[in-house]
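Coordinates as given in query28.cif (mmCIF, C-alpha atoms):
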data_entry
loop_
_atom_site.group_PDB
_atom_site.id
_atom_site.type_symbol
_atom_site.label_atom_id
_atom_site.label_comp_id
_atom_site.auth_asym_id
_atom_site.auth_seq_id
_atom_site.Cartn_x
_atom_site.Cartn_y
_atom_site.Cartn_z
ATOM 1 C CA MET C 282 0.069 -9.032 -40.304
ATOM 2 C CA LEU C 283 1.910 -10.716 -37.481
ATOM 3 C CA THR C 284 1.189 -14.403 -37.269
ATOM 4 C CA SER C 285 2.063 -17.181 -34.887
ATOM 5 C CA LYS C 286 4.565 -18.435 -37.464
ATOM 6 C CA ARG C 287 6.846 -15.606 -36.431
ATOM 7 C CA LYS C 288 6.951 -16.895 -32.885
ATOM 8 C CA SER C 289 8.924 -20.020 -33.613
ATOM 9 C CA SER C 290 10.748 -19.555 -36.855
ATOM 10 C CA ALA C 291 11.535 -15.963 -37.699
ATOM 11 C CA LEU C 292 14.552 -15.295 -35.505
ATOM 12 C CA THR C 293 17.874 -17.073 -35.353
ATOM 13 C CA LYS C 294 19.472 -18.025 -32.064
ATOM 14 C CA GLN C 295 22.015 -15.253 -32.627
ATOM 15 C CA GLN C 296 19.250 -12.694 -33.084
ATOM 16 C CA VAL C 297 17.572 -13.831 -29.883
ATOM 17 C CA GLU C 298 20.840 -13.476 -28.007
ATOM 18 C CA LEU C 299 21.393 -10.050 -29.549
ATOM 19 C CA PHE C 300 17.924 -8.987 -28.442
ATOM 20 C CA LYS C 301 18.651 -10.044 -24.871
ATOM 21 C CA LYS C 302 21.980 -8.233 -24.861
ATOM 22 C CA LEU C 303 20.521 -5.009 -26.280
ATOM 23 C CA THR C 304 17.574 -5.154 -23.896
ATOM 24 C CA ALA C 305 19.846 -5.477 -20.879
ATOM 25 C CA GLU C 306 22.021 -2.584 -22.066
ATOM 26 C CA TRP C 307 19.028 -0.369 -22.747
ATOM 27 C CA LYS C 308 17.356 -1.039 -19.405
ATOM 28 C CA ARG C 309 20.435 -0.494 -17.290
ATOM 29 C CA GLU C 310 21.587 2.632 -19.134
ATOM 30 C CA THR C 311 18.203 4.365 -18.951
ATOM 31 C CA GLU C 312 17.144 3.261 -15.491
ATOM 32 C CA ILE C 313 17.264 6.720 -13.876
ATOM 33 C CA VAL C 314 15.846 8.581 -16.897
ATOM 34 C CA GLY C 315 12.347 10.046 -16.617
ATOM 35 C CA ASN C 316 11.836 11.254 -20.189
ATOM 36 C CA LEU C 317 10.476 8.658 -22.617
ATOM 37 C CA SER C 318 11.990 10.265 -25.715
ATOM 38 C CA LYS C 319 15.420 9.844 -24.198
ATOM 39 C CA ILE C 320 14.620 6.280 -23.146
ATOM 40 C CA VAL C 321 13.489 5.139 -26.593
ATOM 41 C CA MET C 322 16.217 6.981 -28.463
ATOM 42 C CA HIS C 323 18.861 4.942 -26.655
ATOM 43 C CA PRO C 324 21.018 3.236 -29.346
ATOM 44 C CA SER C 325 20.258 -0.268 -28.072
ATOM 45 C CA TYR C 326 16.505 0.370 -28.192
ATOM 46 C CA GLN C 327 16.824 1.705 -31.712
ATOM 47 C CA ARG C 328 18.786 -1.381 -32.752
ATOM 48 C CA ILE C 329 16.005 -3.567 -31.389
ATOM 49 C CA LEU C 330 13.471 -1.543 -33.347
ATOM 50 C CA ALA C 331 15.586 -2.009 -36.478
ATOM 51 C CA MET C 332 15.269 -5.793 -36.094
ATOM 52 C CA GLY C 333 11.706 -5.358 -37.332
ATOM 53 C CA PRO C 334 8.361 -7.039 -36.519
ATOM 54 C CA ASP C 335 9.988 -10.434 -35.994
ATOM 55 C CA VAL C 336 11.173 -9.168 -32.627
ATOM 56 C CA VAL C 337 7.651 -8.532 -31.304
ATOM 57 C CA PRO C 338 7.284 -11.963 -29.629
ATOM 58 C CA LEU C 339 10.527 -11.374 -27.746
ATOM 59 C CA ILE C 340 9.362 -7.954 -26.616
ATOM 60 C CA LEU C 341 6.073 -9.415 -25.416
ATOM 61 C CA GLU C 342 7.926 -12.175 -23.603
ATOM 62 C CA ASP C 343 10.022 -9.573 -21.815
ATOM 63 C CA LEU C 344 6.970 -7.440 -21.098
ATOM 64 C CA ALA C 345 5.219 -10.446 -19.579
ATOM 65 C CA LYS C 346 8.048 -10.755 -17.055
ATOM 66 C CA ALA C 347 7.968 -7.135 -15.914
ATOM 67 C CA PRO C 348 6.686 -3.699 -16.982
ATOM 68 C CA ALA C 349 9.065 -1.872 -19.307
ATOM 69 C CA HIS C 350 8.978 0.936 -21.840
ATOM 70 C CA TRP C 351 8.180 -1.268 -24.824
ATOM 71 C CA PHE C 352 4.979 0.437 -25.964
ATOM 72 C CA TRP C 353 6.723 2.886 -28.262
ATOM 73 C CA ALA C 354 8.561 0.057 -30.044
ATOM 74 C CA LEU C 355 5.458 -2.107 -30.251
ATOM 75 C CA HIS C 356 3.420 0.777 -31.634
ATOM 76 C CA ASN C 357 5.997 1.238 -34.363
ATOM 77 C CA LEU C 358 6.370 -2.470 -35.132
ATOM 78 C CA VAL C 359 2.736 -3.372 -35.743
ATOM 79 C CA PRO C 360 0.746 -2.155 -38.749
ATOM 80 C CA GLN C 361 -0.692 1.334 -38.427
ATOM 81 C CA GLY C 362 -3.989 1.364 -36.571
ATOM 82 C CA GLU C 363 -3.429 -1.980 -34.829
ATOM 83 C CA ASP C 364 -2.020 -0.701 -31.531
ATOM 84 C CA PRO C 365 -4.288 -2.450 -28.981
ATOM 85 C CA ALA C 366 -3.329 0.026 -26.257
ATOM 86 C CA GLU C 367 -4.087 3.191 -28.240
ATOM 87 C CA GLY C 368 -5.318 5.941 -25.938
ATOM 88 C CA LEU C 369 -4.521 4.198 -22.650
ATOM 89 C CA THR C 370 -2.694 6.432 -20.197
ATOM 90 C CA THR C 371 -1.229 4.067 -17.657
ATOM 91 C CA ILE C 372 1.618 1.615 -17.906
ATOM 92 C CA SER C 373 -0.348 -1.222 -16.299
ATOM 93 C CA LYS C 374 -3.324 -0.869 -18.651
ATOM 94 C CA ALA C 375 -1.108 -0.592 -21.717
ATOM 95 C CA ARG C 376 0.880 -3.630 -20.631
ATOM 96 C CA HIS C 377 -2.287 -5.640 -20.091
ATOM 97 C CA ALA C 378 -3.655 -4.629 -23.504
ATOM 98 C CA TRP C 379 -0.467 -5.638 -25.305
ATOM 99 C CA LEU C 380 -0.174 -8.963 -23.512
ATOM 100 C CA GLU C 381 -3.794 -9.815 -24.261
ATOM 101 C CA TRP C 382 -3.196 -8.883 -27.892
ATOM 102 C CA GLY C 383 -0.106 -11.102 -27.949
ATOM 103 C CA LYS C 384 -2.141 -14.048 -26.690
ATOM 104 C CA ARG C 385 -4.852 -13.453 -29.281
ATOM 105 C CA GLU C 386 -2.248 -13.313 -32.025
ATOM 106 C CA GLY C 387 -0.577 -16.489 -30.801
ATOM 107 C CA LEU C 388 2.683 -14.659 -30.162
ATOM 108 C CA ILE C 389 3.040 -15.538 -26.482
ATOM 109 C CA MET D 1223 28.368 6.849 -17.285
ATOM 110 C CA THR D 1224 30.077 3.467 -17.347
ATOM 111 C CA LEU D 1225 28.163 0.974 -15.266
ATOM 112 C CA PRO D 1226 29.802 -1.988 -13.516
ATOM 113 C CA ASP D 1227 29.415 -5.477 -14.964
ATOM 114 C CA ASN D 1228 27.400 -6.574 -11.938
ATOM 115 C CA TYR D 1229 24.902 -3.677 -12.231
ATOM 116 C CA ASP D 1230 21.950 -5.960 -12.946
ATOM 117 C CA GLN D 1231 22.646 -7.941 -9.792
ATOM 118 C CA LEU D 1232 22.493 -4.856 -7.547
ATOM 119 C CA THR D 1233 19.408 -3.924 -5.569
ATOM 120 C CA SER D 1234 17.726 -0.648 -6.418
ATOM 121 C CA ILE D 1235 19.118 0.870 -3.227
ATOM 122 C CA GLU D 1236 22.639 -0.261 -4.121
ATOM 123 C CA LYS D 1237 22.196 1.302 -7.555
ATOM 124 C CA ILE D 1238 21.077 4.578 -5.990
ATOM 125 C CA GLU D 1239 23.796 4.742 -3.335
ATOM 126 C CA ASN D 1240 26.758 3.100 -5.017
ATOM 127 C CA ILE D 1241 26.322 4.010 -8.665
ATOM 128 C CA HIS D 1242 24.114 6.983 -9.412
ATOM 129 C CA PHE D 1243 24.207 9.164 -6.293
ATOM 130 C CA PRO D 1244 27.237 8.210 -4.167
ATOM 131 C CA VAL D 1245 26.709 11.143 -1.793
ATOM 132 C CA LEU D 1246 23.700 9.210 -0.500
ATOM 133 C CA LYS D 1247 25.791 6.161 0.374
ATOM 134 C CA GLY D 1248 24.852 4.475 3.616
ATOM 135 C CA GLY D 1249 21.471 6.182 3.666
ATOM 136 C CA LYS D 1250 23.084 9.525 4.344
ATOM 137 C CA GLY D 1251 20.656 12.404 3.824
ATOM 138 C CA TYR D 1252 17.841 10.411 2.318
ATOM 139 C CA ARG D 1253 15.360 7.589 2.740
ATOM 140 C CA ASP D 1254 13.561 5.536 0.127
ATOM 141 C CA THR D 1255 9.780 5.828 0.168
ATOM 142 C CA SER D 1256 8.651 3.335 -2.449
ATOM 143 C CA GLU D 1257 9.587 0.183 -4.251
ATOM 144 C CA PRO D 1258 10.995 0.613 -7.769
ATOM 145 C CA THR D 1259 8.227 1.204 -10.308
ATOM 146 C CA ILE D 1260 7.799 2.544 -13.821
ATOM 147 C CA GLU D 1261 4.144 3.484 -13.300
ATOM 148 C CA TYR D 1262 5.009 7.152 -12.757
ATOM 149 C CA ASN D 1263 7.985 9.373 -13.499
ATOM 150 C CA CYS D 1264 9.691 12.295 -11.826
ATOM 151 C CA LEU D 1265 7.475 14.870 -13.524
ATOM 152 C CA ALA D 1266 4.254 13.174 -12.449
ATOM 153 C CA TRP D 1267 5.622 12.672 -8.944
ATOM 154 C CA ALA D 1268 6.539 16.342 -8.666
ATOM 155 C CA LEU D 1269 2.874 17.066 -9.378
ATOM 156 C CA GLY D 1270 1.824 14.600 -6.679
ATOM 157 C CA ILE D 1271 0.654 11.997 -9.180
ATOM 158 C CA ASN D 1272 1.491 8.303 -8.978
ATOM 159 C CA TRP D 1273 -0.996 6.776 -11.413
ATOM 160 C CA THR D 1274 0.612 7.718 -14.715
ATOM 161 C CA ARG D 1275 3.740 9.091 -16.326
ATOM 162 C CA TYR D 1276 3.635 12.644 -17.604
ATOM 163 C CA ASP D 1277 5.358 12.437 -20.954
ATOM 164 C CA PRO D 1278 4.756 14.262 -24.217
ATOM 165 C CA GLU D 1279 5.418 11.251 -26.444
ATOM 166 C CA PRO D 1280 2.241 11.088 -28.581
ATOM 167 C CA ARG D 1281 2.907 7.898 -30.502
ATOM 168 C CA CYS D 1282 2.211 5.231 -27.943
ATOM 169 C CA ALA D 1283 0.013 4.324 -25.019
ATOM 170 C CA GLY D 1284 0.926 4.280 -21.362
ATOM 171 C CA TYR D 1285 1.741 7.948 -20.915
ATOM 172 C CA TYR D 1286 -0.186 11.146 -20.273
ATOM 173 C CA TRP D 1287 0.299 14.754 -21.223
ATOM 174 C CA PHE D 1288 -1.620 17.805 -20.098
ATOM 175 C CA PRO D 1289 -4.203 18.776 -22.754
ATOM 176 C CA GLY D 1290 -3.445 21.979 -24.600
ATOM 177 C CA VAL D 1291 0.263 22.053 -23.766
ATOM 178 C CA GLU D 1292 2.844 21.580 -26.519
ATOM 179 C CA ARG D 1293 4.011 17.982 -26.664
ATOM 180 C CA GLU D 1294 7.652 18.581 -25.911
ATOM 181 C CA TRP D 1295 9.958 17.870 -22.987
ATOM 182 C CA THR D 1296 11.142 21.436 -22.585
ATOM 183 C CA ILE D 1297 11.304 23.947 -19.781
ATOM 184 C CA ASN D 1298 8.736 26.151 -21.494
ATOM 185 C CA ALA D 1299 6.158 23.419 -22.112
ATOM 186 C CA ILE D 1300 6.512 21.897 -18.652
ATOM 187 C CA ARG D 1301 6.379 25.344 -17.069
ATOM 188 C CA LYS D 1302 2.878 25.685 -18.576
ATOM 189 C CA ILE D 1303 1.792 22.422 -16.967
ATOM 190 C CA PHE D 1304 2.847 23.683 -13.553
ATOM 191 C CA GLU D 1305 1.147 27.025 -14.174
ATOM 192 C CA LYS D 1306 -2.057 25.107 -14.935
ATOM 193 C CA HIS D 1307 -1.608 23.456 -11.538
ATOM 194 C CA ASN D 1308 -1.450 26.933 -9.942
ATOM 195 C CA TYR D 1309 2.316 27.152 -9.611
ATOM 196 C CA ALA D 1310 4.170 30.393 -10.301
ATOM 197 C CA GLU D 1311 7.903 30.847 -10.705
ATOM 198 C CA CYS D 1312 9.717 32.170 -7.666
ATOM 199 C CA ASP D 1313 13.307 32.888 -6.770
ATOM 200 C CA SER D 1314 14.124 30.968 -3.604
ATOM 201 C CA TYR D 1315 14.695 27.285 -2.869
ATOM 202 C CA ASP D 1316 14.116 27.987 0.832
ATOM 203 C CA LEU D 1317 11.108 26.652 2.689
ATOM 204 C CA GLU D 1318 8.250 29.144 2.893
ATOM 205 C CA GLU D 1319 5.475 28.434 5.334
ATOM 206 C CA GLY D 1320 2.253 27.540 3.528
ATOM 207 C CA PHE D 1321 3.831 27.037 0.123
ATOM 208 C CA GLU D 1322 4.788 23.964 -1.841
ATOM 209 C CA LYS D 1323 7.717 24.248 -4.206
ATOM 210 C CA VAL D 1324 8.934 22.290 -7.205
ATOM 211 C CA VAL D 1325 12.354 22.624 -8.747
ATOM 212 C CA PHE D 1326 13.314 21.803 -12.314
ATOM 213 C CA TYR D 1327 16.774 20.299 -12.692
ATOM 214 C CA VAL D 1328 18.346 21.377 -15.971
ATOM 215 C CA ASP D 1329 20.952 19.332 -17.830
ATOM 216 C CA SER D 1330 23.889 20.576 -19.871
ATOM 217 C CA THR D 1331 21.725 20.876 -23.000
ATOM 218 C CA GLY D 1332 19.235 23.142 -21.252
ATOM 219 C CA ALA D 1333 16.573 20.425 -21.119
ATOM 220 C CA PRO D 1334 14.737 19.374 -17.971
ATOM 221 C CA GLY D 1335 16.580 16.421 -16.439
ATOM 222 C CA HIS D 1336 14.595 15.893 -13.280
ATOM 223 C CA PHE D 1337 11.953 17.392 -10.949
ATOM 224 C CA ALA D 1338 11.799 17.471 -7.150
ATOM 225 C CA ARG D 1339 8.957 18.581 -4.864
ATOM 226 C CA GLN D 1340 9.511 20.194 -1.487
ATOM 227 C CA LEU D 1341 8.010 18.566 1.590
ATOM 228 C CA PRO D 1342 6.452 20.530 4.476
ATOM 229 C CA ASP D 1343 9.632 20.087 6.538
ATOM 230 C CA GLY D 1344 11.843 21.585 3.833
ATOM 231 C CA ARG D 1345 13.273 18.346 2.515
ATOM 232 C CA TRP D 1346 12.511 17.144 -1.016
ATOM 233 C CA THR D 1347 10.855 14.168 -2.651
ATOM 234 C CA SER D 1348 11.971 12.728 -5.985
ATOM 235 C CA LYS D 1349 11.174 9.788 -8.222
ATOM 236 C CA LEU D 1350 14.449 8.429 -9.565
ATOM 237 C CA GLY D 1351 13.649 7.223 -13.073
ATOM 238 C CA ASP D 1352 12.426 3.631 -12.929
ATOM 239 C CA LEU D 1353 13.905 3.168 -9.471
ATOM 240 C CA ASN D 1354 12.439 4.193 -6.115
ATOM 241 C CA ASP D 1355 11.112 7.513 -5.013
ATOM 242 C CA ILE D 1356 13.047 9.021 -2.146
ATOM 243 C CA GLU D 1357 13.008 11.861 0.347
ATOM 244 C CA HIS D 1358 16.293 13.766 0.295
ATOM 245 C CA ASP D 1359 17.644 16.486 2.520
ATOM 246 C CA THR D 1360 19.221 18.616 -0.195
ATOM 247 C CA LEU D 1361 18.782 19.385 -3.860
ATOM 248 C CA GLU D 1362 22.523 19.080 -4.377
ATOM 249 C CA SER D 1363 22.506 15.367 -3.591
ATOM 250 C CA LEU D 1364 20.864 14.561 -6.936
ATOM 251 C CA ILE D 1365 23.136 16.663 -9.142
ATOM 252 C CA CYS D 1366 24.523 14.403 -11.872
ATOM 253 C CA ASP D 1367 25.117 14.359 -15.623
ATOM 254 C CA GLU D 1368 21.711 12.848 -16.310
ATOM 255 C CA TYR D 1369 19.704 15.245 -14.156
ATOM 256 C CA GLY D 1370 21.865 18.330 -14.347
ATOM 257 C CA LYS D 1371 21.515 20.809 -11.517
ATOM 258 C CA PRO D 1372 18.674 22.737 -9.849
ATOM 259 C CA GLY D 1373 17.258 25.458 -12.075
ATOM 260 C CA PRO D 1374 13.867 27.170 -12.180
ATOM 261 C CA ILE D 1375 11.809 26.959 -9.000
ATOM 262 C CA PHE D 1376 8.020 27.256 -8.750
ATOM 263 C CA LYS D 1377 5.639 27.540 -5.833
ATOM 264 C CA ARG D 1378 1.949 27.409 -4.987
ATOM 265 C CA GLU D 1379 -0.072 27.445 -1.795
ATOM 266 C CA ARG D 1380 0.343 24.106 -0.081
ATOM 267 C CA GLN D 1381 -2.667 21.845 -0.469
ATOM 268 C CA SER D 1382 -3.804 19.179 1.915
ATOM 269 C CA ARG D 1383 -4.134 16.714 -0.928
ATOM 270 C CA VAL D 1384 -2.971 16.981 -4.509
ATOM 271 C CA ILE D 1385 -5.860 16.549 -6.916
ATOM 272 C CA PRO D 1386 -4.773 15.942 -10.488
ATOM 273 C CA ILE D 1387 -6.549 18.088 -13.007
ATOM 274 C CA GLY D 1388 -6.863 17.780 -16.757
#

Could you take the file, read its structure, and then write that structure out as structure tokens?
Amino acid sequence: MLTSKRKSSALTKQQVELFKKLTAEWKRETEIVGNLSKIVMHPSYQRILAMGPDVVPLILEDLAKAPAHWFWALHNLVPQGEDPAEGLTTISKARHAWLEWGKREGLI
Amino acid sequence: MTLPDNYDQLTSIEKIENIHFPVLKGGKGYRDTSEPTIEYNCLAWALGINWTRYDPEPRCAGYYWFPGVEREWTINAIRKIFEKHNYAECDSYDLEEGFEKVVFYVDSTGAPGHFARQLPDGRWTSKLGDLNDIEHDTLESLICDEYGKPGPIFKRERQSRVIPIG
């Protein structure tokens, strides 16, 4: 279970910087791609995913700034069955659901 | 493709003209018709849809796929989606009075790289990934490694308004 403790203590400064670097690489190198599988299989995205659930608050923070293709990572980083956006078919609704979930969990 | 260090500082139009599709530089042969958005993708836009992204990824929210069609980003699966929207494959990219056409771009792996829809005046409309959608004079202007080149072409009777089904 993700808890608010993760928000402040789980990641080192270096990990936060790495997240920002990988996020920037991923976004710029997939910006003209229309196929989600290709977007989420980008090496930088996969490295972010490999950082584990501790990275969820950073993803939510980025998602709060602007829509992005984070839902696949979030779905795979929270426990099975806890995806708050399950079944939603638009980016805006999925984003809203995840951000509301993040607030409820004390992650943002 | 190697992107310049200042890529993130560029506007979406600068990215389109200076980086991804240099033949469009200076607005030559195209015009942008939306702000950048990730709410829909090139496949949805080719179907006239701007409220969701058509994508077969089944493991997360935010995307839509036509019911009953294999969940795969392949020519064969996407062909079925267009057939369900009353398109049939044809053999000419030329404008035909009364018909609307969609072309599949095919990349070097044989996978669909992009989709463009023909406008009533013979030009084309495309959604460029997470950037803008544009109207472009030619199909050739969007040929690139990511999108590949124009491949299969489909047509249906032109409709006054596209109504998503499914």

Counting all atoms listed in the file, which residues of chain C come no farther than 8 Å from chain D, as a compact mmCIF listing (two decimals) with C-alpha atoms, in the frame of the given file?
# COMPACT_ATOMS: atom_id res chain seq x y z
CA ARG C 309 20.43 -0.49 -17.29
CA GLU C 310 21.59 2.63 -19.13
CA THR C 311 18.20 4.36 -18.95
CA GLU C 312 17.14 3.26 -15.49
CA ILE C 313 17.26 6.72 -13.88
CA VAL C 314 15.85 8.58 -16.90
CA GLY C 315 12.35 10.05 -16.62
CA ASN C 316 11.84 11.25 -20.19
CA LEU C 317 10.48 8.66 -22.62
CA SER C 318 11.99 10.26 -25.72
CA PRO C 348 6.69 -3.70 -16.98
CA ALA C 349 9.06 -1.87 -19.31
CA PHE C 352 4.98 0.44 -25.96
CA TRP C 353 6.72 2.89 -28.26
CA HIS C 356 3.42 0.78 -31.63
CA ALA C 366 -3.33 0.03 -26.26
CA GLU C 367 -4.09 3.19 -28.24
CA GLY C 368 -5.32 5.94 -25.94
CA LEU C 369 -4.52 4.20 -22.65
CA THR C 370 -2.69 6.43 -20.20
CA THR C 371 -1.23 4.07 -17.66
CA ILE C 372 1.62 1.62 -17.91
CA SER C 373 -0.35 -1.22 -16.30
CA LYS C 374 -3.32 -0.87 -18.65
CA ALA C 375 -1.11 -0.59 -21.72
CA ARG C 376 0.88 -3.63 -20.63

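The result of the PyMOL selection byres ((chain D and resi 1327-1329) around 9) on the shown file is Ile1297, Val1325, Phe1326, Ser1330, Thr1331, Gly1332, Ala1333, Pro1334, Gly1335, His1336, Phe1337, Ala1338, Ile1365, Cys1366, Asp1367, Glu1368, Tyr1369, Gly1370, Lys1371, Pro1372, Gly1373 and Pro1374 of chain D.
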
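Minimum distance to C:Trp307 across C:Glu386, C:His323, C:Lys294, C:Glu363 (counting all atoms listed in the file) occurs at C:His323.
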
Using all atoms listed in the file, which protein or nucleic acid residues come within 12 Å of C:Leu292? Drop anything in the same chain fewer than 6 positions from it, and give the result as a list of chain:residue names. C:Lys286, C:Glu298, C:Leu299, C:Phe300, C:Met332, C:Gly333, C:Pro334, C:Asp335, C:Val336, C:Val337, C:Pro338, C:Leu339

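Of note, atom CA of C:Leu341 and atom CA of D:Pro1226 are spaced 27.6 Å apart.
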
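The space separating atom CA of D:Arg1378 from atom CA of D:Leu1246 comes to 28.7 Å.
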
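Straight-line separation from atom CA of D:Ile1303 to atom CA of D:Val1291: 7.0 Å.
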
Selection near D:Gln1381, 9 Å with all atoms listed in the file, sequence-local residues under 6 positions removed, as a PyMOL selection string: chain D and resi 1320-1322

Need a file for stretch 1321-1340 of chain D from that block: N, CA and C atoms, written as a JSON list (two decimals), in the first residue's frame.
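Dumped everything to part.json:
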[["chain", "number", "residue", "atom", "x", "y", "z"],
["D", 1321, "PHE", "N", -16.10, 10.87, -51.97],
["D", 1321, "PHE", "CA", -15.48, 9.86, -51.11],
["D", 1321, "PHE", "C", -14.47, 10.51, -50.17],
["D", 1322, "GLU", "N", -14.36, 9.90, -49.01],
["D", 1322, "GLU", "CA", -13.37, 10.30, -48.02],
["D", 1322, "GLU", "C", -12.34, 9.18, -47.92],
["D", 1323, "LYS", "N", -11.08, 9.55, -47.92],
["D", 1323, "LYS", "CA", -10.04, 8.53, -47.91],
["D", 1323, "LYS", "C", -9.15, 8.67, -46.68],
["D", 1324, "VAL", "N", -8.62, 7.53, -46.26],
["D", 1324, "VAL", "CA", -7.65, 7.49, -45.17],
["D", 1324, "VAL", "C", -6.47, 6.65, -45.62],
["D", 1325, "VAL", "N", -5.29, 7.15, -45.37],
["D", 1325, "VAL", "CA", -4.09, 6.38, -45.73],
["D", 1325, "VAL", "C", -3.36, 5.93, -44.47],
["D", 1326, "PHE", "N", -2.88, 4.70, -44.52],
["D", 1326, "PHE", "CA", -2.03, 4.18, -43.45],
["D", 1326, "PHE", "C", -0.58, 4.41, -43.88],
["D", 1327, "TYR", "N", 0.20, 5.08, -43.06],
["D", 1327, "TYR", "CA", 1.64, 5.11, -43.28],
["D", 1327, "TYR", "C", 2.22, 3.83, -42.65],
["D", 1328, "VAL", "N", 3.22, 3.28, -43.28],
["D", 1328, "VAL", "CA", 3.79, 2.02, -42.81],
["D", 1328, "VAL", "C", 5.29, 2.21, -42.59],
["D", 1329, "ASP", "N", 5.76, 1.85, -41.40],
["D", 1329, "ASP", "CA", 7.19, 2.05, -41.11],
["D", 1329, "ASP", "C", 8.03, 0.88, -41.61],
["D", 1330, "SER", "N", 9.31, 0.94, -41.33],
["D", 1330, "SER", "CA", 10.23, -0.05, -41.91],
["D", 1330, "SER", "C", 10.02, -1.45, -41.35],
["D", 1331, "THR", "N", 9.29, -1.56, -40.24],
["D", 1331, "THR", "CA", 9.01, -2.88, -39.67],
["D", 1331, "THR", "C", 7.70, -3.46, -40.20],
["D", 1332, "GLY", "N", 6.99, -2.67, -41.00],
["D", 1332, "GLY", "CA", 5.70, -3.12, -41.51],
["D", 1332, "GLY", "C", 4.54, -2.76, -40.61],
["D", 1333, "ALA", "N", 4.82, -2.01, -39.55],
["D", 1333, "ALA", "CA", 3.76, -1.59, -38.62],
["D", 1333, "ALA", "C", 3.19, -0.23, -39.03],
["D", 1334, "PRO", "N", 1.95, 0.03, -38.66],
["D", 1334, "PRO", "CA", 1.40, 1.36, -38.95],
["D", 1334, "PRO", "C", 2.16, 2.43, -38.16],
["D", 1335, "GLY", "N", 2.60, 3.47, -38.86],
["D", 1335, "GLY", "CA", 3.34, 4.54, -38.19],
["D", 1335, "GLY", "C", 2.52, 5.80, -38.04],
["D", 1336, "HIS", "N", 1.50, 5.93, -38.88],
["D", 1336, "HIS", "CA", 0.72, 7.16, -38.87],
["D", 1336, "HIS", "C", -0.52, 6.97, -39.75],
["D", 1337, "PHE", "N", -1.51, 7.87, -39.58],
["D", 1337, "PHE", "CA", -2.72, 7.84, -40.40],
["D", 1337, "PHE", "C", -3.07, 9.26, -40.81],
["D", 1338, "ALA", "N", -3.51, 9.43, -42.05],
["D", 1338, "ALA", "CA", -3.93, 10.75, -42.52],
["D", 1338, "ALA", "C", -5.27, 10.61, -43.24],
["D", 1339, "ARG", "N", -6.12, 11.61, -43.07],
["D", 1339, "ARG", "CA", -7.47, 11.61, -43.67],
["D", 1339, "ARG", "C", -7.55, 12.70, -44.73],
["D", 1340, "GLN", "N", -8.13, 12.35, -45.87],
["D", 1340, "GLN", "CA", -8.23, 13.31, -46.96],
["D", 1340, "GLN", "C", -9.39, 14.28, -46.74]]
